[in-house]
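This report refers to the structure that appears directly beneath it.
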Amino acid sequence: MRGPDLADVAGRLRLVAPQVERDAPLGVEWLNGPAGHSTMLMLGNPPASLADTTLEDQERLVRGFISAQGELHWMIESEGRVIGAVWIHCVQTRAEVGAPELSLMIGDPEYRGRGLGKCAAELVLAWASKNLPSPVTMRTVVENEVSKNLILGLGGRPQGDVYKDQDGLKWQNYRLPVDEPPRIA
Ligand SMILES: CC(C)(COP(=O)(O)OP(=O)(O)OC[C@H]1O[C@@H](n2cnc3c(N)ncnc32)[C@H](O)[C@@H]1OP(=O)(O)O)[C@@H](O)C(=O)NCCC(=O)NCCS
């Protein structure tokens, strides 16, 4: 399902509904080749699963973003360009991590490190504090220092111990605070 349109008070970014024709080609651009595979690893995909994606795969994926029940999906737009995606699984899908679970990706590496990932996560957390019944969880593979720093900077606190998934990847879950001040425009 699409999440409601959100924008930050400073006008740096907007969170908008996914669109198949606009976003599927971006998925191909973001996830293929060495940079794309590195992004997939940061997201916690096992090395053995890495392969280039196709336009058809991405069209199917974006259609799923729009139709899936129990999930909310937004595309991250900055300076009039879609640069990433953020999503919440509202229903628990994995035994190791509770719901709601927030994940995000700044797909275009040019836009990383500018505060946009943090801003997108803050917007969704502010919305979730008002609209979802329980605190948000995030998780990251422990090697992903950027993600870990992002989550700690958002006020996330480790929940439980580091654990291994079935692919042998090590993960840490975090609980995010619910009492953040509103940042939605
Ligand atoms: C992780 C990701 C979403 C962060 O978004 P971003 O826009 O690059 O990050 P921001 O510029 O908003 O920075 C947020 C925090 O991350 C940390 N950070 C950013 N760049 C970093 C770097 N190169 N090295 C270490 N920490 C870094 C900082 O703590 C920063 O907070 P601060 O500036 O207040 O200190 C983005 O890099 C990304 O999409 N990476 C690939 C996919 C991924 O890892 N997704 C996360 C899965 S949970």
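Going through the structure tokens in order, the chains are called A, B, and so on, while each chain numbers its residues from 1 and the ligands are numbered from 1 in the order shown.
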Protein and nucleic residues near ligand 1, 7 Å, only C-alpha atoms and all ligand atoms, as a PyMOL selection string: chain A and resi 39-40+42-43+103-107+111-119+138-140+144-147+149-150+153
Residues near Gln172 of chain A, cut-off 12 Å, only C-alpha atoms, skip fewer than 5 positions along chain, as a list in words: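 With the cut-off at 12 Å, the set is Gly44, Glu96, Val97, Thr137, Met138, Arg139, Thr140, Val141, Val142, Glu143, Asn144, Glu145, Ser147, Lys148, Ile151, Leu152, Gly156, Arg157, Pro158, Gln159, Gly160, Asp161, Val162, Tyr163, Lys164 and Asp165 of chain A.
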Would you mind exporting the chosen residues as a PDB file, in the first residue's frame, restricted to N, CA and C atoms?
```pdb
ATOM      1  N   GLY A  44      21.277  -6.218   3.496  1.00  0.00           N
ATOM      2  CA  GLY A  44      21.219  -7.518   4.153  1.00  0.00           C
ATOM      3  C   GLY A  44      20.863  -8.673   3.243  1.00  0.00           C
ATOM      4  N   GLU A  96      12.431 -13.196  13.721  1.00  0.00           N
ATOM      5  CA  GLU A  96      13.483 -12.531  14.494  1.00  0.00           C
ATOM      6  C   GLU A  96      13.190 -11.066  14.772  1.00  0.00           C
ATOM      7  N   VAL A  97      12.284 -10.447  14.019  1.00  0.00           N
ATOM      8  CA  VAL A  97      12.096  -9.005  14.164  1.00  0.00           C
ATOM      9  C   VAL A  97      10.610  -8.676  14.199  1.00  0.00           C
ATOM     10  N   THR A 137      10.464  -0.817  14.941  1.00  0.00           N
ATOM     11  CA  THR A 137      11.720  -1.550  15.012  1.00  0.00           C
ATOM     12  C   THR A 137      12.499  -1.311  13.720  1.00  0.00           C
ATOM     13  N   MET A 138      13.806  -1.241  13.833  1.00  0.00           N
ATOM     14  CA  MET A 138      14.659  -1.297  12.628  1.00  0.00           C
ATOM     15  C   MET A 138      15.686  -2.377  12.884  1.00  0.00           C
ATOM     16  N   ARG A 139      16.231  -2.909  11.814  1.00  0.00           N
ATOM     17  CA  ARG A 139      17.333  -3.842  12.008  1.00  0.00           C
ATOM     18  C   ARG A 139      18.355  -3.611  10.907  1.00  0.00           C
ATOM     19  N   THR A 140      19.603  -3.960  11.216  1.00  0.00           N
ATOM     20  CA  THR A 140      20.654  -3.816  10.212  1.00  0.00           C
ATOM     21  C   THR A 140      21.674  -4.943  10.363  1.00  0.00           C
ATOM     22  N   VAL A 141      22.283  -5.295   9.223  1.00  0.00           N
ATOM     23  CA  VAL A 141      23.416  -6.216   9.326  1.00  0.00           C
ATOM     24  C   VAL A 141      24.527  -5.466  10.054  1.00  0.00           C
ATOM     25  N   VAL A 142      25.230  -6.160  10.944  1.00  0.00           N
ATOM     26  CA  VAL A 142      26.135  -5.445  11.846  1.00  0.00           C
ATOM     27  C   VAL A 142      27.303  -4.788  11.103  1.00  0.00           C
ATOM     28  N   GLU A 143      27.623  -5.287   9.899  1.00  0.00           N
ATOM     29  CA  GLU A 143      28.724  -4.668   9.138  1.00  0.00           C
ATOM     30  C   GLU A 143      28.331  -3.310   8.563  1.00  0.00           C
ATOM     31  N   ASN A 144      27.036  -2.990   8.537  1.00  0.00           N
ATOM     32  CA  ASN A 144      26.576  -1.752   7.904  1.00  0.00           C
ATOM     33  C   ASN A 144      26.673  -0.602   8.908  1.00  0.00           C
ATOM     34  N   GLU A 145      27.869   0.004   8.959  1.00  0.00           N
ATOM     35  CA  GLU A 145      28.134   1.064   9.941  1.00  0.00           C
ATOM     36  C   GLU A 145      27.257   2.288   9.698  1.00  0.00           C
ATOM     37  N   SER A 147      24.230   2.455   8.415  1.00  0.00           N
ATOM     38  CA  SER A 147      22.886   2.176   8.898  1.00  0.00           C
ATOM     39  C   SER A 147      22.854   2.186  10.429  1.00  0.00           C
ATOM     40  N   LYS A 148      23.856   1.575  11.041  1.00  0.00           N
ATOM     41  CA  LYS A 148      23.906   1.558  12.513  1.00  0.00           C
ATOM     42  C   LYS A 148      23.948   2.990  13.055  1.00  0.00           C
ATOM     43  N   ILE A 151      20.594   4.710  12.672  1.00  0.00           N
ATOM     44  CA  ILE A 151      19.583   4.245  13.637  1.00  0.00           C
ATOM     45  C   ILE A 151      19.871   4.816  15.034  1.00  0.00           C
ATOM     46  N   LEU A 152      21.157   4.809  15.435  1.00  0.00           N
ATOM     47  CA  LEU A 152      21.497   5.366  16.750  1.00  0.00           C
ATOM     48  C   LEU A 152      21.192   6.860  16.783  1.00  0.00           C
ATOM     49  N   GLY A 156      17.488   5.163  18.189  1.00  0.00           N
ATOM     50  CA  GLY A 156      17.284   3.722  18.301  1.00  0.00           C
ATOM     51  C   GLY A 156      18.164   3.120  19.398  1.00  0.00           C
ATOM     52  N   ARG A 157      17.618   2.143  20.082  1.00  0.00           N
ATOM     53  CA  ARG A 157      18.371   1.437  21.117  1.00  0.00           C
ATOM     54  C   ARG A 157      18.367  -0.044  20.792  1.00  0.00           C
ATOM     55  N   PRO A 158      19.540  -0.726  20.934  1.00  0.00           N
ATOM     56  CA  PRO A 158      19.586  -2.145  20.605  1.00  0.00           C
ATOM     57  C   PRO A 158      18.529  -2.928  21.380  1.00  0.00           C
ATOM     58  N   GLN A 159      17.931  -3.864  20.686  1.00  0.00           N
ATOM     59  CA  GLN A 159      16.891  -4.705  21.282  1.00  0.00           C
ATOM     60  C   GLN A 159      17.375  -6.142  21.141  1.00  0.00           C
ATOM     61  N   GLY A 160      17.679  -6.771  22.259  1.00  0.00           N
ATOM     62  CA  GLY A 160      18.195  -8.139  22.194  1.00  0.00           C
ATOM     63  C   GLY A 160      19.638  -8.162  21.727  1.00  0.00           C
ATOM     64  N   ASP A 161      20.129  -9.363  21.494  1.00  0.00           N
ATOM     65  CA  ASP A 161      21.525  -9.556  21.106  1.00  0.00           C
ATOM     66  C   ASP A 161      21.645  -9.656  19.592  1.00  0.00           C
ATOM     67  N   VAL A 162      22.897  -9.538  19.129  1.00  0.00           N
ATOM     68  CA  VAL A 162      23.184  -9.814  17.716  1.00  0.00           C
ATOM     69  C   VAL A 162      22.813 -11.268  17.439  1.00  0.00           C
ATOM     70  N   TYR A 163      22.182 -11.507  16.275  1.00  0.00           N
ATOM     71  CA  TYR A 163      21.788 -12.878  15.929  1.00  0.00           C
ATOM     72  C   TYR A 163      22.144 -13.161  14.481  1.00  0.00           C
ATOM     73  N   LYS A 164      22.207 -14.437  14.154  1.00  0.00           N
ATOM     74  CA  LYS A 164      22.494 -14.848  12.773  1.00  0.00           C
ATOM     75  C   LYS A 164      21.218 -15.293  12.106  1.00  0.00           C
ATOM     76  N   ASP A 165      21.048 -14.925  10.820  1.00  0.00           N
ATOM     77  CA  ASP A 165      19.895 -15.447  10.082  1.00  0.00           C
ATOM     78  C   ASP A 165      20.291 -16.756   9.394  1.00  0.00           C
TER      79      ASP A 165
END
```
Can you work out the spacing between atom CA of Leu55 of chain A and atom CA of Val28 of chain A in Å, to one decimal?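 So the two atoms, atom CA of Leu55 of chain A and atom CA of Val28 of chain A, lie 6.2 Å apart.
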May I ask which of the residues A:Glu79, A:Glu110, A:Glu59, A:Glu122 is the closest one to Gly27 of chain A, counting only C-alpha atoms? A:Glu59
Could you pull out the strand (DSSP E or B) residues of segment 55-90 of chain A, going by DSSP on the backbone, and write them as a list of chain:residue names?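 Result set for segment 55-90 of chain A (strand (DSSP E or B)): A:Glu71, A:Leu72, A:His73, A:Trp74, A:Met75, A:Ile76, A:Glu77, A:Ser78, A:Arg81, A:Val82, A:Ile83, A:Gly84, A:Ala85, A:Val86, A:Trp87, A:Ile88, A:His89.
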Dump C-alpha atoms for the selected residues as a PDB file, in the first residue's frame?
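part_33.pdb was written with the following content:
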```pdb
ATOM      1  CA  GLU A  71       3.039  -2.785   4.187  1.00  0.00           C
ATOM      2  CA  LEU A  72       3.359   0.950   3.578  1.00  0.00           C
ATOM      3  CA  HIS A  73       5.672   2.207   0.835  1.00  0.00           C
ATOM      4  CA  TRP A  74       6.880   5.668  -0.049  1.00  0.00           C
ATOM      5  CA  MET A  75       9.359   6.920  -2.629  1.00  0.00           C
ATOM      6  CA  ILE A  76      11.790   9.594  -1.417  1.00  0.00           C
ATOM      7  CA  GLU A  77      11.862  12.699  -3.608  1.00  0.00           C
ATOM      8  CA  SER A  78      14.424  15.492  -3.317  1.00  0.00           C
ATOM      9  CA  ARG A  81      13.979  13.625  -8.306  1.00  0.00           C
ATOM     10  CA  VAL A  82      13.110  10.253  -6.815  1.00  0.00           C
ATOM     11  CA  ILE A  83      16.260   9.168  -4.976  1.00  0.00           C
ATOM     12  CA  GLY A  84      15.189   6.266  -2.788  1.00  0.00           C
ATOM     13  CA  ALA A  85      12.470   4.390  -1.001  1.00  0.00           C
ATOM     14  CA  VAL A  86      11.258   3.889   2.555  1.00  0.00           C
ATOM     15  CA  TRP A  87       8.821   1.267   3.770  1.00  0.00           C
ATOM     16  CA  ILE A  88       7.202  -0.173   6.878  1.00  0.00           C
ATOM     17  CA  HIS A  89       6.118  -3.756   7.395  1.00  0.00           C
TER      18      HIS A  89
END
```
Which residues, written as a list of chain:residue names, have at least one atom at most 9 Å from Ser67 of chain A, with only C-alpha atoms counted and residues fewer than 4 positions away on the same chain left out?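 My reading of the contact set: A:Met1, A:Arg2, A:Val62, A:Arg63, A:Glu71.
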Using DSSP on the backbone coordinates, identify the residues of segment 10-175 of chain A assigned to alpha helix (DSSP H); present them as a PyMOL selection string. chain A and resi 20-31+33-42+55-67+116-131+145-153
Using Å and a single decimal, report how far atom CA of Pro34 of chain A sits from atom CA of Arg94 of chain A.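 These atoms are spaced 28.2 Å apart.
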